[in-house]
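Everything below concerns the one structure shown next.
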Amino acid sequence: MDWKQKHVLVIGAGISGFAAAKLARRFGAEVTLSDAKTEEELEKLGDDFSKLRDAGVKLVFGPQQESMLDGVDTVIVSPAVPVRIPLVQAAYKKGIRVMSEVELAFDIAESPFCAVTGTNGKTTTTTLLGLLLKTHYDKVGVGGNIGVPLSEEALRVGRGGCIAAEISSYQMEATEHFHPHVAAVLNVTPDHIVRHGSMEVYQAMKERIFREQTPADFLVLNYDDERTRSMKERAHARVCYFSRREELPEGVFVRGSVRDGMIVIRWDGKEQEVCHTNELGIKGPHNVENALAAIASAFFAGCEPEKMVPVLKEFRGVEHRIEYVTTINGVPYYNDSKATNTDSAIKALETFDGHIILLAGGDDKMTDLTDFMKLVKERVDELILIGRAAERFYGAAVDNGFPEEHIYAAGYSMSRAVEIAHALAKAPDVVLLSPACASFDMYHNMAERGRDFKHLVHELTKQKKAE
């Protein structure tokens with residue numbers, strides 16, 4: 001696309017909006033960035049608009065009128081902005097091209113994409129995939145929903161490299177022509193229903209990641225997840241399943257026990273062993289799935305399995321996902337702030353054998369809590385509830401047989417919740433923050449929540465040393 005002399009409207013500030021505005025301006029477009037919030041509200045969230053102003057980007061804050069579309073050639077929508085808002089719908093009606101920052105990245109990229117989506121595991125898988133790609137490519141980008149603008153990574157990598165992209169359902173709403181050479185769908189479980197309206201629409205957004213693929217491309221699907229397994233029926237690319245439960249006739253799978261079995265690539269009549277699951281640097285059954293998906297994606301991107309092994313052994317995971325913080329009085333503390341839904345929190349609970357002191361709650365997504373609370377009853381000794389979700393989580397815990405006398409349900413602040421956990425904890429307990437909720441009732445994002453938890457835990461360590 002030739003951006004020179006084009007008029008571009010970017011809707012929504014934040015990481016993606018800033019990146020899209022700067023790049024469109026760099027490519028010669030006249031750019032306006034609009035956000036429904038006031039500049040003061042956005043600055044309180046940490047946004048700094050000085051560089052955009054210096055670059056010649058026009059900034060419009062507050063109510064968004066349809067007249068803003070006058071003379072506009074392209075609208076770029078930030079992931080946080082639903083396409084159902086009146087301004088975006090008006091753009092569609094006027095025949096103005098509406099695109100996401102992901103599609104901008106694809107437009108300017110000169111290297112292929114390996115894209116990862118799914119309800120849970122995206123960040124771990126994408127981060128690991130980026131490291132695996134480095135065993136074959138000199139230039140590797142890692143961006144998207146992971147917190148780095150995908151368009152900036154595409155521009156940085158240029159030609160001759162490869163880009164690992166974490167893709168969310170939000171990012172796919174305004175994406176029509178994104179075409180990764182390798183796409184992976186890890187799982188699909190209830191999440192973001194408030195945004196998308198139904199589970200069917202949510203899944204359809206996930207499936208857009210492979211909609212533009214051809215038989216020359218590869219689609220990596222989780223055989224153990226019923227919803228992803230059935231996606232093969234709608235795929236145009238070659239499909240490779242991965243499984244930690246089944247030995248597949250073709251695909252990437254675990255032969256033997258998920259705890260110490262052998263990871264095997266079986267493809268095009270050839271078979272290659274990679275490493276044992278107990279050699280992986282990331283632990284837990286869910287992380288075996290993440291590793292399988294990353295291995296398959298890297299394999300189809302041209303990486304050699306034997307060169308992947310050192311990376312698989314050394315990779316220890318990502319911040320805020322079952323992240324070990326420290327041990328106090330024989331009790332380990334883990335930060336799993338990235339668990340913003342029940343399915344992700346279930347995977348965290350499954351990582352430990354029991355005796356868990358669980359900190360959960362936050363900004364409630366109103367998904368069903370039954371399966372989560374059944375596992376809480378099995379593995380959690382003390383349940384400490386934070387934020388706005390506390391009352392509903394308390395009711396669901398009691399309804400599923402968790403003893404009321406072991407629930408602390410006042411909707412505590414994080415500092416108070418950590419104090420209570422510390423007072424209760426003794427070996428062989430594990431203190432785990434795994435909220436099963438978004439963070440927006442108390443924090444700007446899940447990362448801020450996780451950092452606050454870690455800070456508070458480290459303060460306990462300092463107090464102990466001072467005693």
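To be explicit about the labels: the chains of the structure tokens are called A, B, and onward in the order shown, and within each one the residues are counted from 1, while ligands get numbers from 1 in the order they are shown.
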
Please list as an mmCIF file with C-alpha atoms, in the first residue's frame every residue within 7 Å of Leu359 in chain A, counting only C-alpha atoms and excluding residues in the same chain fewer than 3 positions away.
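Wrote it out as selection.cif, contents follow:
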```cif
data_model
loop_
_atom_site.group_PDB
_atom_site.id
_atom_site.type_symbol
_atom_site.label_atom_id
_atom_site.label_comp_id
_atom_site.auth_asym_id
_atom_site.auth_seq_id
_atom_site.Cartn_x
_atom_site.Cartn_y
_atom_site.Cartn_z
ATOM 1 C CA LEU A 383 -9.018 -19.342 49.404
ATOM 2 C CA ILE A 384 -8.365 -15.591 49.613
ATOM 3 C CA LEU A 385 -10.596 -13.468 47.353
ATOM 4 C CA LEU A 432 -0.326 -18.881 44.390
ATOM 5 C CA LEU A 433 -1.761 -15.746 42.806
ATOM 6 C CA SER A 434 -3.931 -17.074 39.971
ATOM 7 C CA PRO A 435 -6.873 -14.677 39.751
#
```

Near range 314-323 of chain A, 10 Å: range 204-302 of chain A residue rows, closest pairs, only C-alpha atoms, as a tab-separated table:
```
residue	atom	partner	partner_atom	distance
A:Glu279	CA	A:Glu314	CA	9.1
A:Leu280	CA	A:Glu314	CA	7.5
A:Gly281	CA	A:Arg316	CA	4.9
A:Ile282	CA	A:Arg316	CA	5.1
A:Lys283	CA	A:Arg316	CA	8.3
A:Gly284	CA	A:Ile322	CA	9.6
A:Asn287	CA	A:Gly317	CA	8.8
```

| Atom pair CA of Gly362 in chain A / CA of Gly387 in chain A: separation (Å) |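 Taking CA of Gly362 in chain A and CA of Gly387 in chain A, their separation equals 4.3 Å.
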
| task | Give the helix (DSSP H, G or I) residues of range 3-213 of chain A, as assigned by DSSP on the backbone, as a PyMOL selection string. | result | chain A and resi 14-26+39-44+50-54+66-69+86-93+101-108+122-133+150-157+169-172+193-196+199-210

Near Gly17 in chain A, counting only C-alpha atoms, which residues have an atom at most 8 Å away, once you skip same-chain residues fewer than 5 positions from it, shown as a PDB file with C-alpha atoms, in the first residue's frame?
```pdb
ATOM      1  CA  VAL A  10      -6.135   5.758  14.046  1.00  0.00           C
ATOM      2  CA  ILE A  11      -8.843   4.961  16.614  1.00  0.00           C
ATOM      3  CA  GLY A  12      -7.588   4.140  20.085  1.00  0.00           C
ATOM      4  CA  LEU A  33      -5.113   9.666  16.304  1.00  0.00           C
ATOM      5  CA  ILE A  76      -6.679   1.695  11.777  1.00  0.00           C
ATOM      6  CA  VAL A  77      -8.366   0.271  14.882  1.00  0.00           C
ATOM      7  CA  SER A  78      -6.533  -0.508  18.117  1.00  0.00           C
ATOM      8  CA  GLU A 101      -2.287  -2.836  13.440  1.00  0.00           C
TER       9      GLU A 101
END
```

Write out as a compact mmCIF listing (two decimals) with C-alpha atoms, in the first residue's frame each polymer residue whose atoms come within 8 Å of Gly450 in chain A, counting only C-alpha atoms; drop sequence neighbours fewer than 6 positions from it.
```
# COMPACT_ATOMS: atom_id res chain seq x y z
CA HIS A 320 3.44 -13.52 35.34
CA ASN A 335 2.86 -15.15 40.47
CA ASP A 336 0.29 -16.29 37.90
CA SER A 337 -1.30 -12.91 37.23
CA LYS A 338 -1.55 -13.86 33.54
```

| task | Could you tell me, as a PyMOL selection string, which residues of range 190-262 of chain A DSSP assigns to strand (DSSP E) when given the backbone? | result | chain A and resi 218-222+238-243+251-255+262

Output of the above residues as a CSV table (one decimal), in the first residue's frame, restricted to C-alpha atoms:
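That gives us part_5.csv:
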```csv
chain,number,residue,atom,x,y,z
A,218,PHE,CA,0.9,-24.9,7.7
A,219,LEU,CA,-1.8,-24.9,10.4
A,220,VAL,CA,-0.8,-26.3,13.8
A,221,LEU,CA,-3.8,-27.5,15.9
A,222,ASN,CA,-4.3,-29.0,19.3
A,238,ARG,CA,-1.7,-28.4,5.6
A,239,VAL,CA,-2.8,-29.3,9.1
A,240,CYS,CA,-0.4,-30.7,11.7
A,241,TYR,CA,-1.9,-31.8,15.0
A,242,PHE,CA,0.0,-31.8,18.3
A,243,SER,CA,-1.0,-33.9,21.3
A,251,GLY,CA,2.1,-34.7,13.9
A,252,VAL,CA,4.0,-33.7,17.0
A,253,PHE,CA,3.2,-35.7,20.1
A,254,VAL,CA,4.4,-37.2,23.4
A,255,ARG,CA,5.2,-40.9,23.3
A,262,MET,CA,9.6,-38.4,24.5
```

Any idea what's packed within 12 Å of range 406-417 of chain A, counting only C-alpha atoms, ignoring anything in its chain fewer than 5 positions away? Could you give it as a PDB file with C-alpha atoms, in the first residue's frame?
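Contents of the output file selection.pdb:
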```pdb
ATOM      1  CA  SER A 337      -1.302 -12.907  37.234  1.00  0.00           C
ATOM      2  CA  ILE A 356      -2.334 -24.350  47.800  1.00  0.00           C
ATOM      3  CA  ILE A 357      -3.166 -21.024  49.384  1.00  0.00           C
ATOM      4  CA  LEU A 358      -4.900 -19.364  46.449  1.00  0.00           C
ATOM      5  CA  LEU A 359      -5.368 -15.643  45.811  1.00  0.00           C
ATOM      6  CA  ALA A 360      -8.137 -15.255  43.219  1.00  0.00           C
ATOM      7  CA  GLY A 361     -10.620 -12.667  41.988  1.00  0.00           C
ATOM      8  CA  GLY A 362     -10.528  -9.255  40.373  1.00  0.00           C
ATOM      9  CA  ASP A 363     -12.546  -7.852  37.484  1.00  0.00           C
ATOM     10  CA  ASP A 364     -15.124 -10.604  36.903  1.00  0.00           C
ATOM     11  CA  VAL A 376     -10.216 -25.496  44.015  1.00  0.00           C
ATOM     12  CA  LYS A 377     -12.002 -27.880  46.392  1.00  0.00           C
ATOM     13  CA  VAL A 380      -6.704 -25.523  47.696  1.00  0.00           C
ATOM     14  CA  ASP A 381      -6.478 -25.337  51.488  1.00  0.00           C
ATOM     15  CA  GLU A 382      -7.211 -21.616  51.886  1.00  0.00           C
ATOM     16  CA  LEU A 383      -9.018 -19.342  49.404  1.00  0.00           C
ATOM     17  CA  ILE A 384      -8.365 -15.591  49.613  1.00  0.00           C
ATOM     18  CA  LEU A 385     -10.596 -13.468  47.353  1.00  0.00           C
ATOM     19  CA  ILE A 386      -9.643 -10.050  46.015  1.00  0.00           C
ATOM     20  CA  GLY A 387     -11.439  -7.333  44.079  1.00  0.00           C
ATOM     21  CA  ARG A 388     -14.961  -7.056  42.695  1.00  0.00           C
ATOM     22  CA  ALA A 389     -15.405 -10.746  41.914  1.00  0.00           C
ATOM     23  CA  ALA A 390     -15.127 -11.779  45.564  1.00  0.00           C
ATOM     24  CA  GLU A 391     -18.846 -12.168  46.271  1.00  0.00           C
ATOM     25  CA  ARG A 392     -19.623 -14.318  43.209  1.00  0.00           C
ATOM     26  CA  PHE A 393     -16.476 -16.401  43.689  1.00  0.00           C
ATOM     27  CA  TYR A 394     -17.440 -16.972  47.332  1.00  0.00           C
ATOM     28  CA  GLY A 395     -20.893 -18.222  46.346  1.00  0.00           C
ATOM     29  CA  ALA A 396     -19.502 -20.530  43.665  1.00  0.00           C
ATOM     30  CA  ALA A 397     -16.901 -21.954  46.056  1.00  0.00           C
ATOM     31  CA  VAL A 398     -19.531 -22.755  48.694  1.00  0.00           C
ATOM     32  CA  GLY A 401     -18.423 -27.798  48.530  1.00  0.00           C
ATOM     33  CA  HIS A 422       1.712 -15.109  54.746  1.00  0.00           C
ATOM     34  CA  ALA A 423       0.038 -15.499  58.146  1.00  0.00           C
ATOM     35  CA  LEU A 424      -1.584 -18.793  57.072  1.00  0.00           C
ATOM     36  CA  VAL A 431       1.058 -19.471  47.871  1.00  0.00           C
ATOM     37  CA  LEU A 432      -0.326 -18.881  44.390  1.00  0.00           C
ATOM     38  CA  LEU A 433      -1.761 -15.746  42.806  1.00  0.00           C
ATOM     39  CA  PRO A 435      -6.873 -14.677  39.751  1.00  0.00           C
ATOM     40  CA  SER A 439      -7.299  -6.878  36.553  1.00  0.00           C
ATOM     41  CA  ASP A 441     -10.961  -3.193  38.876  1.00  0.00           C
ATOM     42  CA  MET A 442      -7.676  -2.585  40.699  1.00  0.00           C
ATOM     43  CA  TYR A 443      -4.924  -2.210  38.083  1.00  0.00           C
ATOM     44  CA  GLU A 448       0.865  -4.276  36.974  1.00  0.00           C
ATOM     45  CA  ARG A 449      -1.089  -6.685  39.201  1.00  0.00           C
ATOM     46  CA  GLY A 450       1.657  -9.282  38.997  1.00  0.00           C
ATOM     47  CA  ARG A 451       4.409  -6.770  39.738  1.00  0.00           C
ATOM     48  CA  ASP A 452       2.476  -5.500  42.781  1.00  0.00           C
ATOM     49  CA  PHE A 453       2.151  -9.062  44.095  1.00  0.00           C
ATOM     50  CA  LYS A 454       5.880  -9.685  43.616  1.00  0.00           C
ATOM     51  CA  HIS A 455       6.778  -6.404  45.287  1.00  0.00           C
ATOM     52  CA  LEU A 456       4.633  -7.230  48.311  1.00  0.00           C
ATOM     53  CA  VAL A 457       6.118 -10.721  48.593  1.00  0.00           C
ATOM     54  CA  HIS A 458       9.663  -9.363  48.391  1.00  0.00           C
ATOM     55  CA  GLU A 459       8.767  -6.860  51.119  1.00  0.00           C
ATOM     56  CA  LEU A 460       7.904  -9.851  53.329  1.00  0.00           C
TER      57      LEU A 460
END
```

| Neighbours of Lys347 in chain A within 9 Å (only C-alpha atoms; same-chain residues fewer than 6 positions away dropped), as a ChimeraX atom specification? | /A:284-286,339

Just to be explicit: take each residue in the selection above, keep N, CA and C atoms, and write the result as a PDB file, in the first residue's frame.
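Saved result, again39.pdb, follows:
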```pdb
ATOM      1  N   GLY A 284       4.741 -28.464  33.906  1.00  0.00           N
ATOM      2  CA  GLY A 284       3.289 -28.585  33.920  1.00  0.00           C
ATOM      3  C   GLY A 284       2.752 -29.109  32.602  1.00  0.00           C
ATOM      4  N   PRO A 285       1.648 -29.878  32.639  1.00  0.00           N
ATOM      5  CA  PRO A 285       1.064 -30.443  31.416  1.00  0.00           C
ATOM      6  C   PRO A 285       0.711 -29.387  30.373  1.00  0.00           C
ATOM      7  N   HIS A 286       0.201 -28.225  30.824  1.00  0.00           N
ATOM      8  CA  HIS A 286      -0.168 -27.172  29.869  1.00  0.00           C
ATOM      9  C   HIS A 286       1.059 -26.653  29.135  1.00  0.00           C
ATOM     10  N   ALA A 339      -3.161 -15.429  34.497  1.00  0.00           N
ATOM     11  CA  ALA A 339      -4.368 -16.252  34.490  1.00  0.00           C
ATOM     12  C   ALA A 339      -5.584 -15.345  34.633  1.00  0.00           C
TER      13      ALA A 339
END
```

| message | Between A:Phe61, A:Trp267, A:Trp3, A:Tyr333, which residue has the minimum interatomic distance to Phe27 in chain A, considering only C-alpha atoms? | response |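 Between A:Phe61, A:Trp267, A:Trp3, A:Tyr333, the residue approaching Phe27 in chain A most closely is A:Trp3.
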
| query | Which residue out of A:Thr127, A:Arg53, A:Leu132, A:Gln171 has the minimum interatomic distance to Val102 in chain A when only C-alpha atoms are used? | reply |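 With only C-alpha atoms as the atom set, the closest residue is A:Gln171.
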
| Near-Ala109 in chain A list (12 Å; only C-alpha atoms; drop same-chain fewer than 6 positions) as number ranges by chain | A: 1, 102-103, 141, 150-163, 178-180

| said: Taking only C-alpha atoms into account, name the residue in A:Ala90, A:Val140, A:Leu186, A:Ala425 that is nearest to Tyr223 in chain A. | reply: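 Ranked by minimum distance to Tyr223 in chain A, first place goes to A:Leu186.
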
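Among the candidates A:Gly121, A:Gly143, A:Gly256, A:Gly28, the one nearest to Thr189 in chain A when counting only C-alpha atoms is A:Gly121.
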
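Distance-wise, CA of Ala293 in chain A and CA of Met99 in chain A end up 27.9 Å apart.
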
| message | Counting only C-alpha atoms, which residue out of A:Ala105, A:Ala184, A:Ala345, A:Leu133 sits closest to Ala298 in chain A? | response |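 The answer is A:Leu133, which sits nearest to Ala298 in chain A.
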
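Among the candidates A:Ala237, A:Val201, A:Val98, A:Ile146, the one nearest to Ala174 in chain A when counting only C-alpha atoms is A:Val98.
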